[in-house]
Amino acid sequence: MSPHRTDARRNREKILRVADEAFAQGSEVVSLEEIARRVRLGRATVYRHFPDRRALGLAVATQQLRMLRRILKQEETERRSFRDLLAMVLASQVSKRPLVRLFRELPVRYQERYADELVAVLTPAFRRAQADGQLREDVEPTDLLLVFEMIESAIAAGTARAHPGDPTQRIITVILDGFVAEPAPLSPGCCTTAPASRPTPS
């Protein structure tokens, strides 16, 4: 590989590393200009690799997937529980608010593609955990998509609350326990929809 290409690859890796750190701080998305300042490269160099912040966000998210694949491959031998693995993924979702915010700006097709890839990466470990009796038999890997949306809703609710107490961590614990707990039988008629009624005037 030529020195020029080596430098370009090294610069790209620096940008992604700094961006990954920046996307785990605060709640606002850091500009490309700020990324360039932190990585100590010219703006032109950063823009040459990533024409806009969405491209940078997608690259960081793709890198996160690669890292998760490596972790899961390692876990095949260490056999850490799927509950712990999912807790790690959800913790990343909670901590990297700028990245999630930037991800939400992407076209829907990119959001769906990434979500599907994330589920696909987690599916083998998910199925092994089911076979080992760690997870309930009545859950599916695609249920993880709903879990991610539930966490986003919990974060939004915590941000909007006027008094202290973010419910996000409690919801994560409930969700994780729900995946590993034995399913309780439903009582007859519990899932039927009752007709809506208006409040009785006082």
# chains A, B, ... in the order shown; residues from 1 in each chain; ligands from 1
$ residues_around --residues "Val180 in chain A" --least-positions-apart "4" --cutoff "12 Å" --atoms "only C-alpha atoms" --output "PyMOL selection string"
chain A and resi 81-84+86+126+129-130+132-139+173-176+184
$ write_last_selection --atoms "N, CA and C atoms" --output "PDB file, in the first residue's frame"
ATOM      1  N   SER A  81     -23.826 -14.642  28.982  1.00  0.00           N
ATOM      2  CA  SER A  81     -25.265 -14.753  28.807  1.00  0.00           C
ATOM      3  C   SER A  81     -25.769 -13.729  27.793  1.00  0.00           C
ATOM      4  N   PHE A  82     -26.823 -14.093  27.076  1.00  0.00           N
ATOM      5  CA  PHE A  82     -27.404 -13.165  26.111  1.00  0.00           C
ATOM      6  C   PHE A  82     -27.976 -11.947  26.820  1.00  0.00           C
ATOM      7  N   ARG A  83     -28.429 -12.131  28.042  1.00  0.00           N
ATOM      8  CA  ARG A  83     -28.936 -10.992  28.816  1.00  0.00           C
ATOM      9  C   ARG A  83     -27.853  -9.932  28.964  1.00  0.00           C
ATOM     10  N   ASP A  84     -26.635 -10.349  29.268  1.00  0.00           N
ATOM     11  CA  ASP A  84     -25.523  -9.407  29.403  1.00  0.00           C
ATOM     12  C   ASP A  84     -25.183  -8.763  28.068  1.00  0.00           C
ATOM     13  N   LEU A  86     -27.244  -8.264  25.505  1.00  0.00           N
ATOM     14  CA  LEU A  86     -28.289  -7.307  25.164  1.00  0.00           C
ATOM     15  C   LEU A  86     -28.189  -6.069  26.041  1.00  0.00           C
ATOM     16  N   PHE A 126     -28.803 -15.116  19.994  1.00  0.00           N
ATOM     17  CA  PHE A 126     -30.178 -15.192  20.490  1.00  0.00           C
ATOM     18  C   PHE A 126     -30.675 -16.642  20.437  1.00  0.00           C
ATOM     19  N   ALA A 129     -28.949 -18.913  22.912  1.00  0.00           N
ATOM     20  CA  ALA A 129     -29.454 -18.692  24.259  1.00  0.00           C
ATOM     21  C   ALA A 129     -30.803 -19.372  24.458  1.00  0.00           C
ATOM     22  N   GLN A 130     -31.632 -19.370  23.435  1.00  0.00           N
ATOM     23  CA  GLN A 130     -32.906 -20.081  23.530  1.00  0.00           C
ATOM     24  C   GLN A 130     -32.685 -21.580  23.656  1.00  0.00           C
ATOM     25  N   ASP A 132     -30.176 -23.009  24.907  1.00  0.00           N
ATOM     26  CA  ASP A 132     -29.604 -23.287  26.226  1.00  0.00           C
ATOM     27  C   ASP A 132     -30.594 -23.046  27.357  1.00  0.00           C
ATOM     28  N   GLY A 133     -31.781 -22.574  27.021  1.00  0.00           N
ATOM     29  CA  GLY A 133     -32.772 -22.302  28.055  1.00  0.00           C
ATOM     30  C   GLY A 133     -32.614 -20.964  28.742  1.00  0.00           C
ATOM     31  N   GLN A 134     -31.768 -20.082  28.196  1.00  0.00           N
ATOM     32  CA  GLN A 134     -31.586 -18.756  28.798  1.00  0.00           C
ATOM     33  C   GLN A 134     -32.753 -17.828  28.496  1.00  0.00           C
ATOM     34  N   LEU A 135     -33.307 -17.972  27.298  1.00  0.00           N
ATOM     35  CA  LEU A 135     -34.374 -17.072  26.862  1.00  0.00           C
ATOM     36  C   LEU A 135     -35.695 -17.814  26.751  1.00  0.00           C
ATOM     37  N   ARG A 136     -36.754 -17.058  26.857  1.00  0.00           N
ATOM     38  CA  ARG A 136     -38.086 -17.617  26.658  1.00  0.00           C
ATOM     39  C   ARG A 136     -38.214 -18.185  25.246  1.00  0.00           C
ATOM     40  N   GLU A 137     -39.047 -19.187  25.104  1.00  0.00           N
ATOM     41  CA  GLU A 137     -39.240 -19.812  23.802  1.00  0.00           C
ATOM     42  C   GLU A 137     -40.187 -19.020  22.915  1.00  0.00           C
ATOM     43  N   ASP A 138     -40.972 -18.125  23.519  1.00  0.00           N
ATOM     44  CA  ASP A 138     -41.995 -17.424  22.751  1.00  0.00           C
ATOM     45  C   ASP A 138     -41.553 -16.042  22.280  1.00  0.00           C
ATOM     46  N   VAL A 139     -40.241 -15.763  22.278  1.00  0.00           N
ATOM     47  CA  VAL A 139     -39.739 -14.501  21.752  1.00  0.00           C
ATOM     48  C   VAL A 139     -38.943 -14.772  20.485  1.00  0.00           C
ATOM     49  N   THR A 173     -34.079  -2.963  32.726  1.00  0.00           N
ATOM     50  CA  THR A 173     -34.063  -4.127  33.619  1.00  0.00           C
ATOM     51  C   THR A 173     -35.320  -4.966  33.441  1.00  0.00           C
ATOM     52  N   VAL A 174     -36.468  -4.304  33.349  1.00  0.00           N
ATOM     53  CA  VAL A 174     -37.735  -5.024  33.155  1.00  0.00           C
ATOM     54  C   VAL A 174     -37.717  -5.798  31.842  1.00  0.00           C
ATOM     55  N   ILE A 175     -37.228  -5.158  30.783  1.00  0.00           N
ATOM     56  CA  ILE A 175     -37.185  -5.814  29.469  1.00  0.00           C
ATOM     57  C   ILE A 175     -36.243  -7.015  29.499  1.00  0.00           C
ATOM     58  N   LEU A 176     -35.064  -6.832  30.066  1.00  0.00           N
ATOM     59  CA  LEU A 176     -34.104  -7.932  30.128  1.00  0.00           C
ATOM     60  C   LEU A 176     -34.657  -9.093  30.935  1.00  0.00           C
ATOM     61  N   ALA A 184     -45.548 -16.325  31.852  1.00  0.00           N
ATOM     62  CA  ALA A 184     -46.707 -16.653  32.676  1.00  0.00           C
ATOM     63  C   ALA A 184     -47.913 -16.884  31.776  1.00  0.00           C
TER      64      ALA A 184
END
$ residues_around --residues "Glu21 in chain A" --least-positions-apart "2" --cutoff "12 Å" --atoms "only C-alpha atoms" --output "list of chain:residue names"
A:Lys14, A:Ile15, A:Leu16, A:Arg17, A:Val18, A:Ala19, A:Phe23, A:Ala24, A:Gln25, A:Gly26, A:Val29, A:Val30, A:Ile35, A:Arg38, A:Val39, A:Gly57, A:Val60, A:Gln64, A:Ser92, A:Ser95, A:Lys96, A:Arg97, A:Pro98, A:Leu99
$ write_last_selection --atoms "C-alpha atoms" --output "PDB file, in the first residue's frame"
ATOM      1  CA  LYS A  14      -8.630   8.762  13.557  1.00  0.00           C
ATOM      2  CA  ILE A  15     -11.772  10.552  12.426  1.00  0.00           C
ATOM      3  CA  LEU A  16     -13.960   7.555  13.234  1.00  0.00           C
ATOM      4  CA  ARG A  17     -12.349   7.097  16.648  1.00  0.00           C
ATOM      5  CA  VAL A  18     -12.807  10.750  17.608  1.00  0.00           C
ATOM      6  CA  ALA A  19     -16.338  10.807  16.199  1.00  0.00           C
ATOM      7  CA  PHE A  23     -21.131  10.771  19.758  1.00  0.00           C
ATOM      8  CA  ALA A  24     -21.066   9.387  23.302  1.00  0.00           C
ATOM      9  CA  GLN A  25     -20.902  12.819  24.940  1.00  0.00           C
ATOM     10  CA  GLY A  26     -23.844  15.045  25.777  1.00  0.00           C
ATOM     11  CA  VAL A  29     -24.486  16.201  17.423  1.00  0.00           C
ATOM     12  CA  VAL A  30     -20.944  17.492  17.012  1.00  0.00           C
ATOM     13  CA  ILE A  35     -14.498  16.748  14.681  1.00  0.00           C
ATOM     14  CA  ARG A  38     -10.483  17.453  17.825  1.00  0.00           C
ATOM     15  CA  VAL A  39      -8.691  15.103  15.457  1.00  0.00           C
ATOM     16  CA  GLY A  57     -22.777   8.911  11.536  1.00  0.00           C
ATOM     17  CA  VAL A  60     -19.595   5.129  12.909  1.00  0.00           C
ATOM     18  CA  GLN A  64     -20.174  -0.368  15.783  1.00  0.00           C
ATOM     19  CA  SER A  92     -24.659   1.787  24.040  1.00  0.00           C
ATOM     20  CA  SER A  95     -25.113   6.489  26.079  1.00  0.00           C
ATOM     21  CA  LYS A  96     -24.613   7.447  22.430  1.00  0.00           C
ATOM     22  CA  ARG A  97     -27.462   9.960  22.203  1.00  0.00           C
ATOM     23  CA  PRO A  98     -25.842  12.171  19.540  1.00  0.00           C
ATOM     24  CA  LEU A  99     -25.248   9.133  17.324  1.00  0.00           C
TER      25      LEU A  99
END
$ atom_distance --atom1 "CA of Ala115 in chain A" --atom2 "CA of Gln93 in chain A"
12.2 Å
$ residues_around --residues "Glu117 in chain A" --least-positions-apart "5" --cutoff "10 Å" --atoms "only C-alpha atoms" --output "PyMOL selection string"
chain A and resi 62+65+111-112+122-123
$ residues_around --residues "Glu33 in chain A" --least-positions-apart "3" --cutoff "7 Å" --atoms "only C-alpha atoms" --output "PDB file with C-alpha atoms, in the first residue's frame"
ATOM      1  CA  ALA A  36     -11.716  18.159  12.497  1.00  0.00           C
ATOM      2  CA  ARG A  37     -10.517  20.353  15.361  1.00  0.00           C
ATOM      3  CA  ARG A  43     -11.656  20.432   7.437  1.00  0.00           C
TER       4      ARG A  43
END
$ residues_around --residues "Pro51 in chain A" --least-positions-apart "6" --cutoff "10 Å" --atoms "only C-alpha atoms" --output "list in words"
Leu32, Ala44 and Thr45 of chain A
